[in-house]
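Q: I have a structure here, written as structure tokens, and I will follow up with some questions on it.
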There are 2 protein chains.
Amino acid sequence: MTSSLPTIMTAITIPVPGGPDALVPGERPVPQPVHGELLLKVEAAGVNRPDVMQRKGLYPPPAGASDIPGLEIAGTVVAVGEGAARFKVGDRVCALVTGGGYAQYCTTSALTALPIPDGLSAVEAAALPETFFTVWSNVFDRGRLAAGETLLVHGGTSGIGTTAIQLAKAFGAKVFVTVGSAEKCAAARKLGADLAIDYTAQDFVAEVKSASDGKGADVILDMVGGPYIARNYEAAAVDGRIVQIAFQQGSKAQVDFMRVMLKRLTHTGSTLRSRPVADKAAIAQALEAKVWPLLANGSVKPLIDATFPLNEAAAAHAHMEGSTHIGKIVLTIG
Amino acid sequence: MTSSLPTIMTAITIPVPGGPDALVPGERPVPQPVHGELLLKVEAAGVNRPDVMQRKGLYPPPAGASDIPGLEIAGTVVAVGEGAARFKVGDRVCALVTGGGYAQYCTTSALTALPIPDGLSAVEAAALPETFFTVWSNVFDRGRLAAGETLLVHGGTSGIGTTAIQLAKAFGAKVFVTVGSAEKCAAARKLGADLAIDYTAQDFVAEVKSASDGKGADVILDMVGGPYIARNYEAAAVDGRIVQIAFQQGSKAQVDFMRVMLKRLTHTGSTLRSRPVADKAAIAQALEAKVWPLLANGSVKPLIDATFPLNEAAAAHAHMEGSTHIGKIVLTIG
């Protein structure tokens with residue numbers, strides 16, 4: 001089945017960790033799908049913060065994962081391992097992968113692959129898995145956001161943020177976001193945010209309180225950490241849930257936990273990459289049932305900031321680190 | 001219905017906050033039950049840490065609550081307000097109250113009153129509400145302790161600790177406790193603890209890990225706080241839940257939250273006294289259905305350390321602050 005495939009492919013490698021130029025196009029063997037896996041000819045691969053961390057040498061790939069960066073892909077199935085018969089050669093899918101996405105070919109567990117939603121391009125589909133798996137599992141599963149509740153998202157115009165705004169609105173919640181410029185405020189509001197707070201000019205705790213009649217946010221999705229942790233405890237409502245998905249300003253903080261007890265807060269978090277495949281498969285099933293129809297009917301759509309050809313992965317990373325982007329950055333693979 | 005009752009009663013008052021001697025017997029009007037309330041002739045009242053805090057002036061009674069200390073009582077119903085017809089005059093009940101327990105008479109919401117379990121004395125019944133409501137709502141509701149999981153309880157021979165050991169064992173969990181002496185280790189093991197750690201001589205993180213094949217505790221019930229917070233994050237298992245019910249060593253700490261994200265921990269907590277009566281009523285219903293039968297058949301029983309007459313409340317507090325007690329301290333009211 002794989003006999004017509006090449007044996008060598010172009011992939012982005014990281015010979016020596018460092019700045020964006022540490023990403024070097026090179027040649028690698030085309031991977032083979034093992035039991036339960038699909039091999040995809042990759043058409044597009046999403047760029048994510050963990051890729052930047054990996055490039056810097058700060059986030060080594062987990063055991064068994066490819067050392068090629070890239071956590072999400074879209075493309076065409078070109079080979080199917082045993083036990084992966086849900087899909088067949090020729091199917092167009094997007095997938096959450098444990099690594100290896102910045103390449104012409106990439107294997108994925110069939111359990112974390114989903115059909116490309118009707119009407120979406122490969123670039124749009126490649127922008128889905130990381131943010132949609134992350135937002136679903138953290139905001140809806142872990143954070144238990146319910147209709148009528150208020151979600152606060154830090155980084156409202158990131159890939160995660162733009163997804164969180166749309167999904168939370170689609171499921172009947174109010175959405176507040178923090179962003180770093182007036183332009184990003186406008187973009188967040190355009191996506192549906194009820195309140196966009198420019199953290200360079202406003203105190204998010206005061207803004208959240210005043211926009212919620214003093215009540216605070218029911219769920220807070222935070223990737224900032226550091227000094228935001230104590231402030232999240234202030235901004236949260238009674239019975240609020242704070243879900244930590246990254247620590248862009250560090251994971252250490254001096255905190256007064258009194259509010260955790262008095263307001264019955266829940267501070268939790270998760271990382272997607274390290275979770276067992278069974279967990280990811282459950283998230284995939286929930287997404288396909290509850291969110292894929294919203295993508296197919298256009299009520300939710302991935303926001304693409306920019307695309308770069310695979311060989312210009314370094315420029316894509318430099319762009320992400322510039323933090324001016326609004327939405328996802330995606331690599332295209334010819 | 002209340003015409004045969006006296007109008008004046010003996011109660012413990014706190015004219016000036018301070019040490020144990022700040023508790024002064026005095027005269028107060030007998031309270032009247034309002035809508036939804038019962039009036040009890042109190043036979044016994046449990047002594048709890050929040051009473052000590054209140055005596056010191058550090059924990060003012062919530063709005064609408066009596067300024068007489070005492071959060072749990074047992075006795076006989078002597079008057080029934082409108083809308084409280086679940087109980088009738090002459091019924092023997094124990095109750096969680098928002099204050100006023102250190103007195104000859106005390107009102108309670110009928111929703112937080114429960115029949116005295118068969119075979120228990122008033123002293124034993126007065127020892128139930130605070131610890132059983134607290135352990136049920138924090139370990140089982142909030143902490144979601146399941147059969148086969150491991151619970152770590154700090155303060156294993158406190159009223160909370162001795163209750164947590166027995167309930168967790170009754171529902172099929174493993175129980176580890178920390179306590180402050182070899183004598184308390186023996187008492188905890190006698191109550192059913194699988195592992196008792198003397199924190200004056202052993203590192204609880206290392207002991208918990210080694211007794212759980214490196215896995216850690218699934219649920220941690222903590223009333224210590226301070227430096228224990230970071231160590232709880234270490235001692236917790238993947239997907240572990242840490243429930244904070246007090247901060248005996250302070251609520252402020254320097255913490256690295258990385259483990260919260262990487263191990264998908266949940267750090268939460270609650271205080272019982274401030275919760276809406278509807279929450280307390282739900283806890284009461286769960287206790288009556290799931291725990292009262294275990295009290296009636298003797299498989300779970302409150303552990304009484306000492307009793308003091310009402311007029312010696314000061315001595316009861318001094319005893320609690322000595323921290324040599326194992327189990328509950330209860331006031332008896334002639």
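Naming scheme: A, B, ... for chains in displayed order of the structure tokens; residues 1 onward per chain; ligands 1 onward as shown.
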Within 12 Å of chain A, which residues belong to chain B? Use only C-alpha atoms and report them as JSON, numbers by chain.
A: {"B": [137, 138, 142, 143, 222, 223, 224, 225, 226, 227, 228, 229, 230, 233, 238, 239, 240, 241, 242, 243, 244, 245, 246, 247, 248, 249, 250, 251, 252, 253, 254, 255, 256, 257, 258, 259, 260, 261, 262, 263, 264, 265, 266, 267, 268, 269, 270, 271, 272, 273, 274, 275, 276]}
Q: Just asking: which residues within range 196-314 of chain B are strand (DSSP E or B) according to DSSP, as a ChimeraX atom specification?
A: /B:196-198,217-222,236-244,252-256,266-269,304-309
Q: So that I can see what lies close to Ile329 in chain A, please list as a ChimeraX atom specification the residues with an atom at most 7 Å from it, counting only C-alpha atoms and leaving out residues fewer than 3 positions away in the same chain.
A: /A:46-47,304-307,316
Q: I'd like the contact shell of Glu82 in chain B - 8 Å cut-off, only C-alpha atoms, skipping same-chain residues fewer than 5 positions apart - returned as a PyMOL selection string.
A: chain B and resi 34-37
Q: Keeping only all heavy atoms, take the residues you just selected and write them out as a compact mmCIF listing (two decimals), in the first residue's frame.
A:
```
# COMPACT_ATOMS: atom_id res chain seq x y z
N VAL B 34 -37.75 31.19 63.75
CA VAL B 34 -38.49 31.87 62.69
C VAL B 34 -38.87 30.84 61.63
O VAL B 34 -38.69 29.63 61.83
CB VAL B 34 -37.67 33.05 62.09
CG1 VAL B 34 -37.39 34.10 63.16
CG2 VAL B 34 -36.39 32.56 61.45
N HIS B 35 -39.39 31.31 60.51
CA HIS B 35 -39.85 30.40 59.45
C HIS B 35 -38.74 29.41 59.06
O HIS B 35 -37.61 29.79 58.78
CB HIS B 35 -40.26 31.21 58.22
CG HIS B 35 -40.88 30.35 57.15
ND1 HIS B 35 -42.23 30.08 57.09
CD2 HIS B 35 -40.32 29.68 56.13
CE1 HIS B 35 -42.47 29.29 56.08
NE2 HIS B 35 -41.32 29.03 55.47
N GLY B 36 -39.07 28.14 59.07
CA GLY B 36 -38.11 27.11 58.65
C GLY B 36 -37.17 26.66 59.74
O GLY B 36 -36.29 25.83 59.49
N GLU B 37 -37.36 27.19 60.95
CA GLU B 37 -36.41 26.88 62.02
C GLU B 37 -37.02 26.02 63.12
O GLU B 37 -38.23 26.03 63.36
CB GLU B 37 -35.88 28.17 62.66
CG GLU B 37 -34.86 28.90 61.81
CD GLU B 37 -34.22 30.07 62.57
OE1 GLU B 37 -34.78 30.54 63.58
OE2 GLU B 37 -33.15 30.52 62.12
```
Q: Excluding same-chain residues fewer than 6 positions from Val330 in chain B, what lies within 12 Å of it counting only C-alpha atoms, as a ChimeraX atom specification?
A: /B:43-48,70-74,101-102,121-128,130,159,302-310,312-313,315-317,319-320
Q: Just write the chosen residues, N, CA, C and O atoms, as a short mmCIF file (atom, residue, chain, number, x, y, z; two decimals), in the first residue's frame.
A:
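The file below, out_30.cif, is the result:
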```
data_model
loop_
_atom_site.label_atom_id
_atom_site.label_comp_id
_atom_site.auth_asym_id
_atom_site.auth_seq_id
_atom_site.Cartn_x
_atom_site.Cartn_y
_atom_site.Cartn_z
N GLU B 43 -28.37 19.70 74.52
CA GLU B 43 -27.78 18.80 75.52
C GLU B 43 -26.27 18.72 75.38
O GLU B 43 -25.56 18.44 76.34
N ALA B 44 -25.78 18.96 74.18
CA ALA B 44 -24.34 18.89 73.94
C ALA B 44 -24.01 19.75 72.73
O ALA B 44 -24.83 19.89 71.82
N ALA B 45 -22.81 20.36 72.76
CA ALA B 45 -22.38 21.21 71.65
C ALA B 45 -20.91 20.90 71.33
O ALA B 45 -20.07 20.87 72.24
N GLY B 46 -20.61 20.68 70.08
CA GLY B 46 -19.23 20.39 69.68
C GLY B 46 -18.37 21.66 69.71
O GLY B 46 -18.88 22.77 69.51
N VAL B 47 -17.09 21.47 69.98
CA VAL B 47 -16.11 22.58 69.98
C VAL B 47 -15.25 22.43 68.72
O VAL B 47 -14.79 21.33 68.41
N ASN B 48 -15.08 23.54 68.00
CA ASN B 48 -14.36 23.47 66.73
C ASN B 48 -13.35 24.60 66.60
O ASN B 48 -13.47 25.63 67.26
N GLY B 70 -20.26 28.37 68.68
CA GLY B 70 -20.84 27.03 68.67
C GLY B 70 -21.54 26.72 67.37
O GLY B 70 -22.57 27.33 67.06
N LEU B 71 -21.01 25.78 66.60
CA LEU B 71 -21.49 25.51 65.24
C LEU B 71 -22.23 24.18 65.10
O LEU B 71 -22.68 23.83 64.01
N GLU B 72 -22.33 23.43 66.21
CA GLU B 72 -23.02 22.13 66.10
C GLU B 72 -23.57 21.76 67.48
O GLU B 72 -22.94 22.00 68.50
N ILE B 73 -24.76 21.19 67.43
CA ILE B 73 -25.47 20.89 68.67
C ILE B 73 -26.24 19.58 68.54
O ILE B 73 -26.52 19.11 67.43
N ALA B 74 -26.60 19.03 69.71
CA ALA B 74 -27.58 17.93 69.74
C ALA B 74 -28.50 18.18 70.91
O ALA B 74 -28.08 18.73 71.94
N GLY B 101 -24.31 27.75 69.46
CA GLY B 101 -24.37 26.41 70.04
C GLY B 101 -23.97 26.32 71.50
O GLY B 101 -24.43 25.42 72.20
N TYR B 102 -23.11 27.23 71.97
CA TYR B 102 -22.66 27.16 73.37
C TYR B 102 -23.73 27.80 74.26
O TYR B 102 -23.52 28.84 74.88
N SER B 121 -25.34 8.73 71.73
CA SER B 121 -25.68 9.67 72.81
C SER B 121 -25.73 11.08 72.24
O SER B 121 -25.27 11.34 71.12
N ALA B 122 -26.26 12.00 73.05
CA ALA B 122 -26.29 13.40 72.62
C ALA B 122 -24.86 13.93 72.43
O ALA B 122 -24.60 14.70 71.50
N VAL B 123 -23.95 13.52 73.30
CA VAL B 123 -22.55 13.96 73.16
C VAL B 123 -21.99 13.47 71.82
O VAL B 123 -21.37 14.24 71.07
N GLU B 124 -22.21 12.21 71.51
CA GLU B 124 -21.72 11.68 70.22
C GLU B 124 -22.39 12.38 69.05
O GLU B 124 -21.74 12.71 68.05
N ALA B 125 -23.68 12.63 69.16
CA ALA B 125 -24.41 13.26 68.05
C ALA B 125 -23.96 14.71 67.84
O ALA B 125 -23.90 15.19 66.71
N ALA B 126 -23.64 15.41 68.95
CA ALA B 126 -23.18 16.80 68.82
C ALA B 126 -21.81 16.87 68.16
O ALA B 126 -21.40 17.92 67.66
N ALA B 127 -21.10 15.74 68.16
CA ALA B 127 -19.76 15.69 67.55
C ALA B 127 -19.83 15.44 66.06
O ALA B 127 -18.81 15.45 65.37
N LEU B 128 -21.04 15.22 65.52
CA LEU B 128 -21.16 14.82 64.11
C LEU B 128 -21.19 15.98 63.11
O LEU B 128 -20.46 15.93 62.10
N GLU B 130 -20.32 19.26 62.24
CA GLU B 130 -19.21 19.98 61.63
C GLU B 130 -18.30 19.04 60.84
O GLU B 130 -17.97 19.29 59.68
N GLY B 159 -10.85 16.06 64.84
CA GLY B 159 -12.22 15.62 64.58
C GLY B 159 -12.43 15.35 63.11
O GLY B 159 -13.01 14.33 62.71
N PRO B 302 -18.34 8.53 65.92
CA PRO B 302 -17.55 9.71 66.28
C PRO B 302 -16.62 9.37 67.44
O PRO B 302 -16.98 8.62 68.33
N LEU B 303 -15.42 9.91 67.38
CA LEU B 303 -14.44 9.66 68.42
C LEU B 303 -14.43 10.87 69.36
O LEU B 303 -14.14 11.98 68.94
N ILE B 304 -14.78 10.62 70.61
CA ILE B 304 -14.86 11.71 71.59
C ILE B 304 -13.57 11.72 72.41
O ILE B 304 -13.21 10.71 73.04
N ASP B 305 -12.90 12.86 72.42
CA ASP B 305 -11.68 12.97 73.22
C ASP B 305 -12.02 13.34 74.66
O ASP B 305 -11.49 12.75 75.60
N ALA B 306 -12.87 14.36 74.83
CA ALA B 306 -13.16 14.84 76.18
C ALA B 306 -14.45 15.64 76.16
O ALA B 306 -14.82 16.20 75.13
N THR B 307 -15.12 15.68 77.30
CA THR B 307 -16.29 16.55 77.46
C THR B 307 -16.02 17.52 78.61
O THR B 307 -15.27 17.22 79.53
N PHE B 308 -16.62 18.71 78.49
CA PHE B 308 -16.53 19.74 79.52
C PHE B 308 -17.93 20.30 79.72
O PHE B 308 -18.66 20.49 78.74
N PRO B 309 -18.31 20.63 80.97
CA PRO B 309 -19.60 21.32 81.15
C PRO B 309 -19.56 22.68 80.46
O PRO B 309 -18.48 23.28 80.33
N LEU B 310 -20.75 23.16 80.06
CA LEU B 310 -20.85 24.43 79.34
C LEU B 310 -20.07 25.56 80.03
O LEU B 310 -19.34 26.31 79.38
N GLU B 312 -17.49 25.49 81.62
CA GLU B 312 -16.04 25.33 81.52
C GLU B 312 -15.56 25.37 80.08
O GLU B 312 -14.56 24.75 79.71
N ALA B 313 -16.29 26.12 79.26
CA ALA B 313 -15.91 26.24 77.84
C ALA B 313 -14.47 26.72 77.69
O ALA B 313 -13.75 26.31 76.77
N ALA B 315 -11.94 26.01 79.54
CA ALA B 315 -11.04 24.85 79.69
C ALA B 315 -11.07 23.98 78.43
O ALA B 315 -10.04 23.43 78.00
N ALA B 316 -12.24 23.89 77.81
CA ALA B 316 -12.35 23.11 76.57
C ALA B 316 -11.49 23.72 75.46
O ALA B 316 -10.80 23.02 74.72
N HIS B 317 -11.52 25.05 75.37
CA HIS B 317 -10.69 25.72 74.36
C HIS B 317 -9.20 25.56 74.66
O HIS B 317 -8.40 25.33 73.75
N HIS B 319 -7.84 23.15 76.11
CA HIS B 319 -7.51 21.76 75.75
C HIS B 319 -7.33 21.63 74.24
O HIS B 319 -6.37 21.01 73.77
N MET B 320 -8.24 22.25 73.46
CA MET B 320 -8.10 22.17 72.01
C MET B 320 -6.79 22.80 71.55
O MET B 320 -6.08 22.26 70.70
#
```
Q: Quick check, in Å to one decimal: how far apart do CA of Gln166 in chain A and CA of Pro115 in chain A lie?
A: 20.3 Å
